[in-house]
>>> print(open('target.txt').read())   # compact mmCIF, C-alpha atoms and all ligand atoms
# COMPACT_ATOMS: atom_id res chain seq x y z
CA MET A 1 0.00 0.00 0.00
CA LYS A 2 1.23 3.48 -0.80
CA ILE A 3 0.05 7.06 -0.57
CA THR A 4 1.63 10.18 -2.02
CA ARG A 5 0.61 13.85 -1.88
CA LYS A 6 1.78 16.68 -4.09
CA PRO A 7 0.81 20.27 -4.96
CA PHE A 8 -1.88 20.43 -7.65
CA GLY A 9 -2.11 24.19 -8.20
CA GLU A 10 -4.27 26.94 -6.78
CA THR A 11 -7.90 27.94 -7.02
CA LYS A 12 -8.76 31.29 -8.59
CA ASP A 13 -8.90 32.83 -5.10
CA GLY A 14 -5.42 31.55 -4.27
CA LYS A 15 -6.16 28.47 -2.15
CA LYS A 16 -3.58 25.71 -2.48
CA VAL A 17 -4.84 22.37 -3.73
CA GLU A 18 -3.14 19.00 -3.33
CA LEU A 19 -3.40 15.76 -5.26
CA PHE A 20 -3.30 12.43 -3.42
CA THR A 21 -2.53 9.07 -4.99
CA LEU A 22 -3.65 5.94 -3.16
CA SER A 23 -2.35 2.66 -4.55
CA ASN A 24 -2.21 -1.00 -3.65
CA ASN A 25 -0.22 -3.98 -4.94
CA ASN A 26 -2.93 -5.13 -7.38
CA GLN A 27 -2.42 -2.31 -9.89
CA VAL A 28 -5.35 -0.35 -8.47
CA SER A 29 -4.74 3.32 -7.82
CA ILE A 30 -6.99 6.26 -7.11
CA THR A 31 -6.15 9.94 -7.37
CA LEU A 32 -8.15 12.57 -5.56
CA MET A 33 -7.77 16.20 -4.63
CA ASN A 34 -8.94 18.35 -1.75
CA TYR A 35 -10.74 20.78 -4.12
CA GLY A 36 -14.28 19.44 -3.88
CA GLY A 37 -12.89 16.22 -2.38
CA THR A 38 -12.89 15.19 -6.03
CA VAL A 39 -11.87 11.73 -7.18
CA THR A 40 -9.92 12.52 -10.36
CA SER A 41 -9.02 9.00 -11.55
CA VAL A 42 -9.65 5.34 -10.73
CA ASN A 43 -7.05 3.17 -12.42
CA MET A 44 -7.62 -0.56 -12.70
CA PRO A 45 -6.51 -3.42 -14.95
CA ASP A 46 -8.74 -4.97 -17.63
CA LYS A 47 -8.97 -8.74 -18.18
CA ASN A 48 -5.59 -8.64 -19.99
CA GLY A 49 -3.89 -6.63 -17.28
CA LYS A 50 -4.04 -3.29 -19.11
CA VAL A 51 -4.41 -0.50 -16.55
CA GLU A 52 -6.67 2.42 -17.53
CA ASN A 53 -8.59 5.19 -15.83
CA VAL A 54 -12.27 4.21 -15.63
CA ILE A 55 -13.86 7.50 -14.53
CA CYS A 56 -14.49 10.94 -16.05
CA GLY A 57 -11.85 13.32 -14.77
CA PHE A 58 -8.90 15.55 -15.59
CA ASP A 59 -5.24 15.60 -14.61
CA LYS A 60 -5.20 19.41 -14.26
CA LEU A 61 -6.86 21.53 -11.61
CA ASP A 62 -7.61 24.32 -14.12
CA ALA A 63 -10.02 22.04 -15.95
CA TYR A 64 -12.13 21.81 -12.76
CA THR A 65 -11.96 25.49 -11.84
CA SER A 66 -12.60 26.75 -15.40
CA ASP A 67 -15.63 28.88 -16.20
CA LYS A 68 -16.80 26.19 -18.63
CA PHE A 69 -16.73 23.48 -15.94
CA LYS A 70 -18.62 25.77 -13.55
CA ALA A 71 -21.20 26.66 -16.23
CA ASP A 72 -21.74 23.06 -17.41
CA CYS A 73 -21.47 21.70 -13.85
CA PRO A 74 -21.05 17.96 -14.46
CA TYR A 75 -19.70 17.56 -10.87
CA PHE A 76 -17.10 15.00 -12.08
CA GLY A 77 -15.93 12.92 -9.08
CA ALA A 78 -16.90 15.54 -6.49
CA ILE A 79 -18.31 15.34 -2.99
CA ILE A 80 -21.88 16.63 -3.10
CA GLY A 81 -23.51 18.47 -0.20
CA ARG A 82 -25.14 19.61 1.88
CA TYR A 83 -28.05 18.21 -0.09
CA GLY A 84 -27.41 15.91 -3.04
CA ASN A 85 -29.94 16.10 -5.87
CA ARG A 86 -32.90 18.47 -6.00
CA ILE A 87 -34.98 20.36 -3.46
CA ALA A 88 -38.05 21.66 -5.31
CA LYS A 89 -37.83 25.44 -5.71
CA GLY A 90 -35.19 25.34 -2.95
CA LEU A 91 -38.00 25.56 -0.38
CA TYR A 92 -38.53 23.44 2.72
CA LYS A 93 -39.73 23.82 6.28
CA ILE A 94 -38.04 22.69 9.48
CA ASP A 95 -40.12 22.94 12.67
CA GLY A 96 -42.52 25.27 10.82
CA LYS A 97 -39.84 27.69 9.69
CA GLU A 98 -39.36 28.09 5.93
CA TYR A 99 -35.87 27.96 4.41
CA HIS A 100 -34.87 29.17 0.95
CA GLY A 101 -32.03 27.20 -0.61
CA ALA A 102 -29.96 28.85 -3.35
CA ILE A 103 -31.53 28.28 -6.79
CA ASN A 104 -29.02 26.91 -9.29
CA ASN A 105 -30.89 24.44 -11.53
CA GLY A 106 -33.90 25.92 -13.32
CA GLU A 107 -36.18 26.87 -10.46
CA ASN A 108 -34.69 24.28 -8.10
CA HIS A 109 -31.82 23.80 -5.64
CA LEU A 110 -29.37 21.12 -6.86
CA HIS A 111 -26.36 19.45 -5.23
CA GLY A 112 -25.89 21.97 -2.42
CA GLY A 113 -26.46 25.18 -4.39
CA ILE A 114 -24.20 27.64 -6.14
CA LYS A 115 -21.14 26.91 -4.02
CA GLY A 116 -21.65 23.42 -2.74
CA PHE A 117 -19.15 21.07 -1.12
CA ASP A 118 -17.87 20.27 -4.63
CA LYS A 119 -16.28 23.74 -4.80
CA LYS A 120 -14.77 23.92 -1.31
CA VAL A 121 -11.11 23.38 -0.55
CA TRP A 122 -11.14 20.72 2.18
CA LYS A 123 -8.54 20.22 4.92
CA ALA A 124 -6.70 16.99 4.27
CA GLU A 125 -4.77 14.51 6.42
CA THR A 126 -3.39 11.25 5.13
CA PHE A 127 -3.13 7.95 6.96
CA GLU A 128 -1.62 4.58 6.16
CA ASN A 129 -1.18 1.15 7.67
CA LYS A 130 -0.39 -2.33 6.40
CA ASP A 131 -3.69 -2.93 4.60
CA GLN A 132 -5.07 0.59 4.01
CA VAL A 133 -4.17 4.04 2.83
CA GLY A 134 -6.43 7.04 2.87
CA VAL A 135 -7.25 10.69 3.25
CA ASN A 136 -9.40 12.37 5.89
CA LEU A 137 -11.05 15.46 4.48
CA SER A 138 -12.88 17.99 6.61
CA CYS A 139 -14.64 21.29 6.12
CA PHE A 140 -16.95 23.72 7.88
CA SER A 141 -20.22 24.96 6.45
CA PRO A 142 -21.46 28.05 8.32
CA ASP A 143 -25.05 28.70 9.38
CA GLY A 144 -26.95 30.12 6.40
CA GLU A 145 -24.56 28.86 3.73
CA GLU A 146 -26.54 28.33 0.50
CA GLY A 147 -29.65 28.89 2.63
CA TYR A 148 -29.13 25.95 5.03
CA PRO A 149 -29.56 26.39 8.78
CA GLY A 150 -26.91 25.39 11.30
CA ASN A 151 -23.13 25.44 11.58
CA LEU A 152 -22.09 22.10 10.11
CA ASN A 153 -18.81 20.25 10.63
CA VAL A 154 -18.31 17.74 7.85
CA SER A 155 -15.76 15.03 7.19
CA VAL A 156 -15.24 12.52 4.44
CA ARG A 157 -12.78 9.66 4.79
CA TYR A 158 -11.56 7.99 1.61
CA THR A 159 -9.78 4.65 2.10
CA LEU A 160 -8.26 2.19 -0.37
CA ASP A 161 -7.41 -1.27 0.94
CA SER A 162 -5.34 -4.22 -0.21
CA LYS A 163 -8.49 -6.03 -1.42
CA ASN A 164 -9.37 -3.32 -4.00
CA CYS A 165 -12.06 -1.84 -1.87
CA PHE A 166 -12.46 1.95 -1.89
CA THR A 167 -14.54 3.25 1.01
CA LEU A 168 -16.21 6.65 1.19
CA HIS A 169 -17.33 7.47 4.73
CA TYR A 170 -19.27 10.66 5.44
CA GLU A 171 -19.86 12.28 8.85
CA ALA A 172 -21.39 15.55 10.00
CA ASP A 173 -22.82 17.30 13.02
CA THR A 174 -24.78 20.52 13.41
CA ASP A 175 -25.77 23.06 16.06
CA LYS A 176 -29.28 23.66 14.57
CA THR A 177 -31.64 21.21 12.92
CA THR A 178 -30.75 21.08 9.22
CA VAL A 179 -31.07 18.82 6.17
CA ILE A 180 -28.24 16.74 4.76
CA ASN A 181 -27.81 14.26 1.91
CA MET A 182 -24.21 13.69 0.87
CA THR A 183 -22.91 11.67 -2.04
CA ASN A 184 -20.07 11.42 -4.51
CA HIS A 185 -20.56 12.25 -8.19
CA THR A 186 -18.08 9.98 -9.96
CA TYR A 187 -19.03 8.86 -13.49
CA PHE A 188 -17.69 5.44 -14.46
CA ASN A 189 -16.73 4.27 -17.94
CA LEU A 190 -15.17 0.82 -17.69
CA THR A 191 -13.88 0.94 -21.31
CA GLY A 192 -11.39 3.56 -20.14
CA GLY A 193 -13.41 6.19 -22.00
CA LYS A 194 -13.06 4.52 -25.40
CA LYS A 195 -16.79 3.89 -25.86
CA LYS A 196 -20.09 5.30 -24.63
CA ILE A 197 -21.68 3.46 -21.70
CA PHE A 198 -24.64 1.86 -23.59
CA ASP A 199 -23.10 -1.64 -23.45
CA HIS A 200 -22.23 -1.41 -19.76
CA GLU A 201 -24.35 -3.82 -17.77
CA LEU A 202 -26.05 -2.81 -14.58
CA GLU A 203 -27.49 -5.11 -11.95
CA MET A 204 -29.42 -3.94 -8.90
CA PRO A 205 -30.96 -6.92 -7.12
CA SER A 206 -32.35 -4.69 -4.36
CA GLY A 207 -33.48 -1.88 -6.70
CA LYS A 208 -37.07 -3.10 -6.87
CA LYS A 209 -38.70 0.33 -6.78
CA TYR A 210 -38.00 3.88 -7.90
CA THR A 211 -39.24 7.33 -7.01
CA GLU A 212 -41.51 8.67 -9.76
CA THR A 213 -40.64 12.21 -10.88
CA ILE A 214 -42.03 15.00 -13.01
CA ASP A 215 -39.27 17.26 -14.35
CA LEU A 216 -36.87 15.35 -12.04
CA ILE A 217 -38.84 16.31 -8.91
CA PRO A 218 -40.44 13.38 -7.04
CA THR A 219 -44.21 13.17 -7.14
CA GLY A 220 -44.11 11.21 -3.87
CA LYS A 221 -45.12 7.95 -5.57
CA ILE A 222 -42.79 4.97 -5.20
CA LEU A 223 -43.35 2.61 -8.13
CA PRO A 224 -42.25 -0.98 -8.79
CA VAL A 225 -39.61 -1.41 -11.52
CA LYS A 226 -41.15 -4.69 -12.69
CA ASP A 227 -42.07 -4.63 -16.41
CA THR A 228 -40.57 -1.16 -16.89
CA ALA A 229 -37.37 0.23 -18.42
CA TYR A 230 -36.16 0.72 -14.83
CA ASP A 231 -35.93 -2.99 -14.11
CA PHE A 232 -32.27 -3.82 -13.44
CA THR A 233 -33.01 -6.46 -10.81
CA SER A 234 -31.17 -8.83 -13.12
CA LYS A 235 -28.20 -7.83 -15.27
CA LYS A 236 -29.15 -5.59 -18.22
CA LYS A 237 -27.31 -3.32 -20.66
CA ILE A 238 -27.88 0.35 -19.85
CA GLY A 239 -28.69 1.05 -23.52
CA LYS A 240 -31.17 -1.83 -23.85
CA ASP A 241 -34.40 -0.03 -23.08
CA LEU A 242 -33.71 3.59 -22.29
CA PRO A 243 -36.90 5.16 -20.87
CA SER A 244 -36.37 8.24 -23.11
CA PRO A 245 -33.61 9.65 -25.34
CA ASP A 246 -32.26 11.36 -22.20
CA GLY A 247 -31.64 7.96 -20.63
CA TYR A 248 -31.72 7.41 -16.88
CA ASP A 249 -31.73 10.07 -14.18
CA THR A 250 -33.58 8.08 -11.59
CA ASN A 251 -33.49 7.42 -7.87
CA PHE A 252 -33.84 3.70 -7.09
CA VAL A 253 -35.17 2.69 -3.69
CA LEU A 254 -32.87 0.04 -2.24
CA ASP A 255 -34.61 -2.79 -0.44
CA HIS A 256 -32.05 -3.42 2.28
CA PRO A 257 -31.89 -3.16 6.08
CA LYS A 258 -31.65 0.46 7.30
CA ASP A 259 -28.12 1.83 7.81
CA THR A 260 -26.55 -1.52 6.88
CA LEU A 261 -23.79 -1.68 4.30
CA SER A 262 -25.44 -3.70 1.49
CA LEU A 263 -24.95 -4.36 -2.21
CA ALA A 264 -26.62 -1.64 -4.31
CA THR A 265 -25.30 -2.12 -7.85
CA ILE A 266 -22.93 -4.15 -9.97
CA LEU A 267 -21.63 -2.30 -13.01
CA SER A 268 -19.76 -4.41 -15.55
CA GLU A 269 -18.49 -4.27 -19.11
CA SER A 270 -17.73 -7.51 -20.92
CA GLU A 271 -15.04 -6.43 -23.44
CA SER A 272 -12.75 -5.07 -20.73
CA GLY A 273 -13.90 -7.64 -18.17
CA ARG A 274 -14.01 -4.84 -15.59
CA CYS A 275 -16.58 -4.56 -12.84
CA ILE A 276 -17.40 -2.20 -9.95
CA LYS A 277 -19.68 -3.31 -7.12
CA VAL A 278 -21.25 -0.53 -5.07
CA TYR A 279 -22.25 -1.16 -1.45
CA THR A 280 -23.96 1.43 0.68
CA THR A 281 -25.73 2.21 3.94
CA GLN A 282 -27.92 4.76 2.10
CA PRO A 283 -31.57 4.06 1.21
CA GLY A 284 -31.30 5.07 -2.46
CA ILE A 285 -29.09 5.39 -5.50
CA GLN A 286 -29.43 7.84 -8.37
CA ILE A 287 -28.49 6.27 -11.67
CA TYR A 288 -27.61 9.07 -14.07
CA SER A 289 -26.50 7.90 -17.51
CA GLY A 290 -24.88 11.22 -18.33
CA TYR A 291 -27.05 12.58 -21.15
CA TYR A 292 -26.06 16.16 -20.28
CA ASN A 293 -22.40 15.36 -19.82
CA PRO A 294 -20.49 18.13 -21.62
CA GLU A 295 -17.57 17.70 -24.01
CA PHE A 296 -14.28 19.24 -22.95
CA THR A 297 -11.32 19.97 -25.21
CA ILE A 298 -8.09 19.86 -23.24
CA ASP A 299 -4.70 20.13 -24.97
CA GLY A 300 -6.43 19.67 -28.34
CA VAL A 301 -8.19 16.44 -27.32
CA THR A 302 -12.00 16.39 -27.05
CA LYS A 303 -13.33 14.04 -24.38
CA PHE A 304 -16.51 13.06 -22.56
CA GLY A 305 -19.93 14.26 -23.84
CA LYS A 306 -23.30 12.50 -23.80
CA TYR A 307 -23.32 9.00 -22.29
CA SER A 308 -19.56 9.11 -21.62
CA GLY A 309 -20.02 7.91 -18.05
CA VAL A 310 -22.63 6.62 -15.63
CA ALA A 311 -22.93 8.11 -12.14
CA MET A 312 -24.11 5.84 -9.33
CA GLU A 313 -24.91 8.34 -6.59
CA THR A 314 -25.75 6.58 -3.33
CA GLN A 315 -28.06 8.92 -1.47
CA HIS A 316 -31.33 9.70 0.29
CA PHE A 317 -34.21 10.40 -2.06
CA PRO A 318 -34.40 13.70 -3.96
CA ASP A 319 -36.55 16.42 -2.34
CA SER A 320 -36.92 14.42 0.90
CA PRO A 321 -37.33 17.62 2.99
CA ASN A 322 -40.71 18.03 1.24
CA HIS A 323 -41.74 14.37 1.55
CA PRO A 324 -42.27 13.27 5.16
CA GLU A 325 -43.09 9.79 3.77
CA PHE A 326 -39.46 9.38 2.55
CA PRO A 327 -36.61 8.41 4.94
CA THR A 328 -35.71 11.56 6.84
CA THR A 329 -32.78 13.78 5.88
CA LEU A 330 -33.04 15.91 9.02
CA LEU A 331 -29.97 16.18 11.20
CA LYS A 332 -30.48 17.51 14.72
CA PRO A 333 -28.00 18.93 17.24
CA GLY A 334 -26.42 16.09 19.22
CA GLU A 335 -26.90 13.57 16.38
CA LYS A 336 -24.16 12.32 14.09
CA TYR A 337 -24.77 12.00 10.36
CA SER A 338 -22.93 8.89 9.22
CA GLN A 339 -23.10 7.14 5.85
CA THR A 340 -20.76 4.72 4.09
CA THR A 341 -20.38 3.68 0.48
CA GLN A 342 -17.87 1.19 -0.92
CA TRP A 343 -16.70 0.53 -4.45
CA LYS A 344 -15.32 -2.98 -4.87
CA ILE A 345 -13.02 -2.65 -7.83
CA GLY A 346 -12.74 -5.98 -9.60
C1 LIG A 401 -27.20 13.98 -11.44
C2 LIG A 401 -28.57 14.21 -11.92
C3 LIG A 401 -28.92 15.58 -12.21
C4 LIG A 401 -27.84 16.46 -12.77
C5 LIG A 401 -26.47 16.13 -12.23
C6 LIG A 401 -25.33 16.74 -12.96
O1 LIG A 401 -27.13 14.01 -10.07
O2 LIG A 401 -29.54 13.64 -11.07
O3 LIG A 401 -30.06 15.63 -13.01
O4 LIG A 401 -27.87 16.46 -14.14
O5 LIG A 401 -26.25 14.80 -12.05
>>> encode(input="target.txt", output="structure tokens", more="lines below")
Ligand code: FUC
Amino acid sequence: MKITRKPFGETKDGKKVELFTLSNNNQVSITLMNYGGTVTSVNMPDKNGKVENVICGFDKLDAYTSDKFKADCPYFGAIIGRYGNRIAKGLYKIDGKEYHGAINNGENHLHGGIKGFDKKVWKAETFENKDQVGVNLSCFSPDGEEGYPGNLNVSVRYTLDSKNCFTLHYEADTDKTTVINMTNHTYFNLTGGKKKIFDHELEMPSGKKYTETIDLIPTGKILPVKDTAYDFTSKKKIGKDLPSPDGYDTNFVLDHPKDTLSLATILSESESGRCIKVYTTQPGIQIYSGYYNPEFTIDGVTKFGKYSGVAMETQHFPDSPNHPEFPTTLLKPGEKYSQTTQWKIG
């Protein structure tokens, strides 16, 4: 096991950013930076031993801090918070008091607002032992930030182990009741970016239901996936029966014991022989097939674009603050927010 850290440039307001490389002895390595707690590459062998990066990301900080990246906001690899996915019109009530979240996606609040956790420079400390290497990231989100109540202390621990398991552990506490729904926005492409993700296979044995939406806002109905395009309870190619030309942007309800780390999805691609298994303690997972993924031209090479990666965002359900029937996303003073997701890289 090995971990290295090195300078990775500065943000536009002069904050220093570092890049961390976590590697094990099985040719698996992960790079991440403390700007946005962003995972910038996941390198793994294919069935012939060829190591390639299997996520959407850049090897330069400027690409992430550019005006184009901010305008297109694909959130490549970033930590999302305080609230992942949408809060309708940014409005919600806590104990009868109405809060107005920053509006940054049509008329809605998305992924923490205008300056979410994806754009913060996090404090970073590394750790290593015989079987694990990792980075502890922490940040502070003041009362009122992006409209949220409460001073929030947040930490995310990223760990790679000798068995190719990458763990993302989120914690937070607050001094006023607030809402929280953290995730990571990595897009996978197991071909190493050579092909679109249509032939990737997805399997979600516990994804038996999904939250119905209109314009990506939940109606409150939870519908069975059976006999619909959303049925991935057995292995199916993502491109096989897209529900619309825009593909999938859907929250699946995971049928697993509450707060228990359980298998959510298996993503595989037969030509490369690569596979990622996602485990989580969270009650849902947003499968976003990347229809709005922008193209970027870096050093004369154009990359990414529509369907260039699939995001598997383990999370609570979108707009939960307005749906008391959904698992709660309230965090109260004295409580600890704690969620874990694992990617088994195989
Ligand atoms: C996913 C989607 C959203 C948005 C974002 C970039 O989280 O659910 O619709 O497009 O990614």
>>> residues_around(input="target.txt", residues="range 110-114 of chain A", least_positions_apart="2", cutoff="8 Å", atoms="all atoms listed in the file", output="mmCIF file with C-alpha atoms, keeping the file's coordinate frame")
data_model
loop_
_atom_site.group_PDB
_atom_site.id
_atom_site.type_symbol
_atom_site.label_atom_id
_atom_site.label_comp_id
_atom_site.auth_asym_id
_atom_site.auth_seq_id
_atom_site.Cartn_x
_atom_site.Cartn_y
_atom_site.Cartn_z
ATOM 1 C CA ILE A 80 -21.880 16.630 -3.100
ATOM 2 C CA GLY A 81 -23.510 18.470 -0.200
ATOM 3 C CA ARG A 82 -25.140 19.610 1.880
ATOM 4 C CA TYR A 83 -28.050 18.210 -0.090
ATOM 5 C CA GLY A 84 -27.410 15.910 -3.040
ATOM 6 C CA ASN A 85 -29.940 16.100 -5.870
ATOM 7 C CA ARG A 86 -32.900 18.470 -6.000
ATOM 8 C CA ILE A 87 -34.980 20.360 -3.460
ATOM 9 C CA GLY A 101 -32.030 27.200 -0.610
ATOM 10 C CA ALA A 102 -29.960 28.850 -3.350
ATOM 11 C CA ILE A 103 -31.530 28.280 -6.790
ATOM 12 C CA ASN A 104 -29.020 26.910 -9.290
ATOM 13 C CA ASN A 105 -30.890 24.440 -11.530
ATOM 14 C CA ASN A 108 -34.690 24.280 -8.100
ATOM 15 C CA GLY A 116 -21.650 23.420 -2.740
ATOM 16 C CA PHE A 117 -19.150 21.070 -1.120
ATOM 17 C CA GLU A 146 -26.540 28.330 0.500
#
>>> atom_distance(input="target.txt", atom1="CA of Val278 in chain A", atom2="CA of Ile197 in chain A")
17.1 Å
>>> closest_residue(input="target.txt", among="A:Met33, A:Val54, A:Met1, A:Val42", to="Glu128 in chain A", atoms="all atoms listed in the file")
A:Met1
>>> closest_residue(input="target.txt", among="A:Val135, A:Ala63, A:Cys56, A:Met204", to="Val310 in chain A", atoms="all atoms listed in the file")
A:Cys56
>>> residues_near_ligand(input="target.txt", ligand="ligand LIG 401 (chain A)", cutoff="9 Å", atoms="all atoms listed in the file", output="PyMOL selection string")
chain A and resi 72-76+84-86+105+110-111+185+216+248-251+286-293+311-313+318
>>> closest_residue(input="target.txt", among="A:Thr281, A:Ser23, A:Thr340, A:Thr40", to="Tyr187 in chain A", atoms="all atoms listed in the file")
A:Thr40
>>> residues_around(input="target.txt", residues="Lys16 in chain A", least_positions_apart="4", cutoff="12 Å", atoms="only C-alpha atoms", output="list in words")
Lys6, Pro7, Phe8, Gly9, Glu10, Thr11, Lys12, Met33, Asn34, Tyr35, Leu61, Lys120, Val121, Trp122, Lys123 and Ala124 of chain A
>>> closest_residue(input="target.txt", among="A:Ala78, A:Asn25, A:Phe69, A:Leu137", to="Pro294 in chain A", atoms="all atoms listed in the file")
A:Phe69
>>> atom_distance(input="target.txt", atom1="CA of Pro224 in chain A", atom2="CA of Phe198 in chain A")
23.2 Å
>>> closest_residue(input="target.txt", among="A:Thr302, A:Ser262, A:Thr38, A:Thr219", to="Tyr64 in chain A", atoms="only C-alpha atoms")
A:Thr38
>>> residues_around(input="target.txt", residues="range 327-336 of chain A", least_positions_apart="5", cutoff="12 Å", atoms="all atoms listed in the file", output="ChimeraX atom specification")
/A:82-84,87,92-95,148-155,170-182,220,253-254,258-259,282-284,315-322
>>> atom_distance(input="target.txt", atom1="CA of Phe166 in chain A", atom2="CA of Trp343 in chain A")
5.2 Å
>>> residues_around(input="target.txt", residues="Lys221 in chain A", least_positions_apart="3", cutoff="9 Å", atoms="all atoms listed in the file", output="list in words")
Tyr210, Thr211, Glu212, Thr213 and Pro218 of chain A
>>> closest_residue(input="target.txt", among="A:Ile79, A:Gly14, A:Ala88, A:Ile217", to="Ser138 in chain A", atoms="only C-alpha atoms")
A:Ile79
>>> decode(input="target.txt", residues="range 321-328 of chain A", atoms="all heavy atoms", output="short mmCIF file (atom, residue, chain, number, x, y, z; two decimals), in the first residue's frame")
data_model
loop_
_atom_site.label_atom_id
_atom_site.label_comp_id
_atom_site.auth_asym_id
_atom_site.auth_seq_id
_atom_site.Cartn_x
_atom_site.Cartn_y
_atom_site.Cartn_z
N PRO A 321 -36.81 16.66 2.00
CA PRO A 321 -37.33 17.62 2.99
C PRO A 321 -38.80 17.97 2.77
O PRO A 321 -39.47 18.43 3.69
CB PRO A 321 -36.43 18.85 2.78
CG PRO A 321 -35.15 18.29 2.26
CD PRO A 321 -35.57 17.14 1.37
N ASN A 322 -39.29 17.74 1.52
CA ASN A 322 -40.71 18.03 1.24
C ASN A 322 -41.57 16.77 1.19
O ASN A 322 -42.72 16.83 0.73
CB ASN A 322 -40.82 18.82 -0.07
CG ASN A 322 -40.24 20.20 0.10
OD1 ASN A 322 -40.60 20.91 1.03
ND2 ASN A 322 -39.31 20.58 -0.77
N HIS A 323 -40.99 15.64 1.58
CA HIS A 323 -41.74 14.37 1.55
C HIS A 323 -41.56 13.62 2.86
O HIS A 323 -40.68 12.77 2.98
CB HIS A 323 -41.26 13.51 0.36
CG HIS A 323 -41.70 14.05 -0.95
ND1 HIS A 323 -42.97 13.84 -1.47
CD2 HIS A 323 -41.05 14.82 -1.84
CE1 HIS A 323 -43.07 14.45 -2.62
NE2 HIS A 323 -41.94 15.06 -2.87
N PRO A 324 -42.41 13.93 3.85
CA PRO A 324 -42.27 13.27 5.16
C PRO A 324 -42.39 11.75 5.06
O PRO A 324 -41.94 11.03 5.97
CB PRO A 324 -43.43 13.85 5.99
CG PRO A 324 -44.19 14.76 5.09
CD PRO A 324 -43.48 14.92 3.80
N GLU A 325 -42.96 11.24 3.93
CA GLU A 325 -43.09 9.79 3.77
C GLU A 325 -41.76 9.14 3.35
O GLU A 325 -41.62 7.92 3.41
CB GLU A 325 -44.21 9.46 2.75
CG GLU A 325 -43.95 9.80 1.28
CD GLU A 325 -44.19 11.28 0.89
OE1 GLU A 325 -44.19 12.15 1.79
OE2 GLU A 325 -44.36 11.53 -0.31
N PHE A 326 -40.77 9.92 2.92
CA PHE A 326 -39.46 9.38 2.55
C PHE A 326 -38.59 9.29 3.82
O PHE A 326 -38.82 10.01 4.79
CB PHE A 326 -38.75 10.31 1.55
CG PHE A 326 -39.34 10.36 0.16
CD1 PHE A 326 -38.88 11.30 -0.76
CD2 PHE A 326 -40.35 9.49 -0.25
CE1 PHE A 326 -39.40 11.37 -2.04
CE2 PHE A 326 -40.88 9.56 -1.54
CZ PHE A 326 -40.41 10.51 -2.43
N PRO A 327 -37.53 8.44 3.80
CA PRO A 327 -36.61 8.41 4.94
C PRO A 327 -36.10 9.83 5.22
O PRO A 327 -35.80 10.57 4.29
CB PRO A 327 -35.47 7.50 4.46
CG PRO A 327 -36.06 6.68 3.36
CD PRO A 327 -37.13 7.52 2.72
N THR A 328 -36.01 10.16 6.49
CA THR A 328 -35.71 11.56 6.84
C THR A 328 -34.26 11.96 6.51
O THR A 328 -33.34 11.15 6.64
CB THR A 328 -36.00 11.85 8.33
OG1 THR A 328 -35.79 13.25 8.56
CG2 THR A 328 -35.10 11.05 9.27
#
